[in-house]
Amino acid sequence: MRFRHPDGTTVHLAYCTNVHPAETLDGVLAQLRDHCEPVRRRLGRDRLGIGLWLAAPAAQALTADPAALRGLRAELDCRGLEVVTLNGFPYQGFGAERVKYRVYQPDWTHPARLAHTTHLARLLAALLPDDIAEGTISTLPLAWRTHFDTVAATTAHSALTTLAERLDALEDLTGNSIRIALEPEPGCTVETTADAIEPLTAIGSPRIGVCVDTCHLATSFEDPATALAGLAAARITIPKAQLSAALHAEEPHLPEVRAALASFAEPRFLHQTRTRTAAGLRGTDDLDEALTGHVLPDAAPWRSHFHVPLHAAP
């Protein structure tokens with residue numbers, strides 16, 4: 001859906017289709033038919049924005065077959081749907097029985113991540129509505145934190161610099177500007193918005209910015225106004241925001257609170273959990289570890305990373 005911002009610009013609001021996992025093009029088309037169009041009709045809107053997730057097999061199929069890409073564009077049009085943003089974070093297998101750390105692979109040290117994101121950018125340039133000339137793609141924040149050394153950082157920097165050059169060329173070719181947004185997430189190399197400033201300043205391209213996810217901000221106890229001000233001061237762009245919420249447990253030592261939290265523990269995804277102490281943030285990679293171990297103190301509030309996001313692209 002489109003909204004007019006007080007400054008006169010248009011804001012696009014969409015919900016992300018990775019909540020309905022599909023690995024193939026046929027699966028994507030089924031999502032549009034079975035979920036996206038019915039939501040649009042229920043809302044009574046002529047058009048509905050979706051944050052499309054294309055797993056690598058679907059993206060590769062569309063890249064290899066221009067007729068299939070035209071067919072997807074036609075399907076979007078006939079169902080009253082539009083795409084101005086893609087979720088490029090999960091590569092594939094997001095609907096598997098156990099995802100956990102696999103969602104961070106391949107990361108920005110691997111050539112497959114650059115190739116996949118390049119495919120997505122070219123596809124999005126072709127899928128944008130006729131009256132929109134700018135699209136956005138969110139992606140993982142470089143890598144999961146372990147095994148990320150200076151060599152890995154150099155490799156990731158080179159890949160993102162190459163991507164920025166490809167996006168410049170894509171705009172010259174199509175007239176459409178595609179921007180990439182690294183999504184800071186607890187546990188990753190870029191865990192907070194402040195962590196994003198150094199690597200993005202080094203790249204120095206307005207094509208590569210930050211996806212501000214409100215759940216991730218909350219989990220890391222970041223103040224939104226401070227986070228946005230820091231990015232603005234560093235001249236880091238914010239191509240995209242994801243509107244979602246973290247779980248907050250003010251008194252995690254209470255049995256009834258722990259029982260409520262335990263109802264959210266499940267085997268498919270990581271649910272990073274953090275607490276803020278006088279010594280700084282402490283955390284664990286998964287809610288199960290927080291509930292059964294002694295990583296987090298019970299005396300301080302916990303916040304856990306859970307979200308089904310809406311996407312907002314300026």
# chains A, B, ... in the order shown; residues from 1 in each chain; ligands from 1
call {"tool": "residues_around", "arguments": {"residues": "range 291-296 of chain A", "least_positions_apart": "5", "cutoff": "12 Å", "atoms": "only C-alpha atoms", "output": "number ranges by chain"}}
result
A: 249, 252-255, 257-265, 271-277, 280-286, 301-304
call {"tool": "write_last_selection", "arguments": {"atoms": "N, CA and C atoms", "output": "compact mmCIF listing (two decimals), in the first residue's frame"}}
result
# COMPACT_ATOMS: atom_id res chain seq x y z
N ALA A 249 10.43 -9.59 28.51
CA ALA A 249 10.10 -10.19 29.80
C ALA A 249 10.71 -9.33 30.90
N PRO A 252 11.86 -12.16 34.20
CA PRO A 252 12.02 -13.51 33.65
C PRO A 252 12.19 -14.60 34.70
N HIS A 253 12.40 -14.22 35.96
CA HIS A 253 12.57 -15.22 37.01
C HIS A 253 11.24 -15.83 37.45
N LEU A 254 10.12 -15.18 37.14
CA LEU A 254 8.82 -15.68 37.58
C LEU A 254 8.43 -16.94 36.80
N PRO A 255 7.96 -17.97 37.46
CA PRO A 255 7.61 -19.22 36.76
C PRO A 255 6.58 -19.00 35.65
N VAL A 257 6.11 -16.37 33.86
CA VAL A 257 6.75 -15.68 32.74
C VAL A 257 7.59 -16.67 31.94
N ARG A 258 8.33 -17.51 32.61
CA ARG A 258 9.15 -18.50 31.91
C ARG A 258 8.28 -19.50 31.15
N ALA A 259 7.14 -19.84 31.72
CA ALA A 259 6.22 -20.74 31.02
C ALA A 259 5.68 -20.09 29.76
N ALA A 260 5.36 -18.80 29.85
CA ALA A 260 4.87 -18.08 28.66
C ALA A 260 5.96 -18.00 27.60
N LEU A 261 7.20 -17.72 28.00
CA LEU A 261 8.30 -17.66 27.04
C LEU A 261 8.54 -19.04 26.41
N ALA A 262 8.45 -20.08 27.23
CA ALA A 262 8.71 -21.43 26.72
C ALA A 262 7.74 -21.82 25.62
N SER A 263 6.54 -21.26 25.64
CA SER A 263 5.56 -21.60 24.60
C SER A 263 6.00 -21.11 23.23
N PHE A 264 6.96 -20.19 23.18
CA PHE A 264 7.45 -19.68 21.90
C PHE A 264 8.70 -20.42 21.41
N ALA A 265 9.32 -21.21 22.25
CA ALA A 265 10.51 -21.96 21.85
C ALA A 265 10.12 -23.04 20.86
N HIS A 271 16.01 -17.75 18.03
CA HIS A 271 15.33 -16.63 18.67
C HIS A 271 16.31 -16.03 19.67
N GLN A 272 17.19 -15.16 19.16
CA GLN A 272 18.24 -14.58 19.99
C GLN A 272 17.62 -13.82 21.16
N THR A 273 18.22 -13.98 22.32
CA THR A 273 17.69 -13.37 23.54
C THR A 273 18.79 -12.55 24.20
N ARG A 274 18.44 -11.32 24.61
CA ARG A 274 19.42 -10.40 25.20
C ARG A 274 18.86 -9.79 26.48
N THR A 275 19.79 -9.43 27.35
CA THR A 275 19.46 -8.65 28.53
C THR A 275 20.51 -7.56 28.69
N ARG A 276 20.11 -6.45 29.29
CA ARG A 276 21.04 -5.34 29.49
C ARG A 276 21.40 -5.26 30.97
N THR A 277 22.69 -5.32 31.25
CA THR A 277 23.18 -5.24 32.61
C THR A 277 24.13 -4.05 32.73
N GLY A 280 26.87 -4.21 30.33
CA GLY A 280 26.53 -4.19 28.91
C GLY A 280 25.57 -5.30 28.55
N LEU A 281 25.39 -5.52 27.25
CA LEU A 281 24.46 -6.56 26.80
C LEU A 281 25.03 -7.94 27.04
N ARG A 282 24.18 -8.83 27.50
CA ARG A 282 24.51 -10.25 27.57
C ARG A 282 23.44 -11.01 26.81
N GLY A 283 23.82 -12.16 26.23
CA GLY A 283 22.81 -12.85 25.46
C GLY A 283 23.15 -14.28 25.15
N THR A 284 22.20 -14.92 24.52
CA THR A 284 22.35 -16.27 24.02
C THR A 284 21.70 -16.34 22.65
N ASP A 285 22.12 -17.30 21.86
CA ASP A 285 21.66 -17.37 20.48
C ASP A 285 20.25 -17.93 20.35
N ASP A 286 19.74 -18.55 21.40
CA ASP A 286 18.42 -19.16 21.26
C ASP A 286 17.67 -19.12 22.58
N PRO A 301 15.62 -7.56 32.78
CA PRO A 301 14.65 -7.94 31.75
C PRO A 301 15.30 -8.62 30.55
N TRP A 302 14.57 -9.54 29.94
CA TRP A 302 15.03 -10.21 28.72
C TRP A 302 14.23 -9.69 27.53
N ARG A 303 14.89 -9.68 26.39
CA ARG A 303 14.17 -9.44 25.13
C ARG A 303 14.58 -10.51 24.13
N SER A 304 13.60 -11.06 23.44
CA SER A 304 13.85 -12.13 22.48
C SER A 304 13.40 -11.73 21.09
call {"tool": "residues_around", "arguments": {"residues": "Arg166 in chain A", "least_positions_apart": "4", "cutoff": "8 Å", "atoms": "only C-alpha atoms", "output": "list in words"}}
result
Thr118, Thr162 and Leu170 of chain A
call {"tool": "closest_residue", "arguments": {"among": "A:Ala59, A:Val84, A:Cys188, A:Ala143", "to": "Ser220 in chain A", "atoms": "only C-alpha atoms"}}
result
A:Cys188
call {"tool": "atom_distance", "arguments": {"atom1": "CA of Ala227 in chain A", "atom2": "CA of Thr193 in chain A"}}
result
6.1 Å
call {"tool": "closest_residue", "arguments": {"among": "A:Leu182, A:Ile137, A:Ala126, A:Ala233", "to": "Leu62 in chain A", "atoms": "only C-alpha atoms"}}
result
A:Ala126
call {"tool": "residues_around", "arguments": {"residues": "Ala241 in chain A", "least_positions_apart": "4", "cutoff": "12 Å", "atoms": "only C-alpha atoms", "output": "PyMOL selection string"}}
result
chain A and resi 11-16+51+85+87+136-138+180-184+209-217+224+228+237+309-314
call {"tool": "closest_residue", "arguments": {"among": "A:Thr24, A:Thr139, A:Gln105, A:Gln242", "to": "Thr117 in chain A", "atoms": "only C-alpha atoms"}}
result
A:Thr139
call {"tool": "closest_residue", "arguments": {"among": "A:Leu127, A:Ile236, A:Leu48, A:Leu76", "to": "Val28 in chain A", "atoms": "only C-alpha atoms"}}
result
A:Leu76
call {"tool": "closest_residue", "arguments": {"among": "A:Ile50, A:Ala229, A:Ala202, A:Ala194", "to": "Val83 in chain A", "atoms": "only C-alpha atoms"}}
result
A:Ile50
call {"tool": "select_by_dssp", "arguments": {"residues": "range 161-286 of chain A", "states": "strand (DSSP E or B)", "output": "PyMOL selection string"}}
result
chain A and resi 177-182+188+208-213+240-243+247-249+273-277+280-284
call {"tool": "closest_residue", "arguments": {"among": "A:Arg268, A:Leu142, A:His248, A:Phe89", "to": "Ala300 in chain A", "atoms": "only C-alpha atoms"}}
result
A:His248
call {"tool": "residues_around", "arguments": {"residues": "Ala58 in chain A", "least_positions_apart": "4", "cutoff": "12 Å", "atoms": "only C-alpha atoms", "output": "VMD selection string"}}
result
chain A and resid 21 to 29 52 to 54 62 to 65 68 to 69 72 91 to 93 116 119 to 120 123
call {"tool": "select_by_dssp", "arguments": {"residues": "range 191-247 of chain A", "states": "helix (DSSP H, G or I)", "output": "list in words"}}
result
Thr193, Ala194, Asp195, Ala196, Ile197, Glu198, Pro199, Leu200, Thr201, Ala202, Ile203, Thr214, Cys215, His216, Leu217, Ala218, Thr219, Pro224, Ala225, Thr226, Ala227, Leu228, Ala229, Gly230, Leu231, Ala232 and Ala233 of chain A
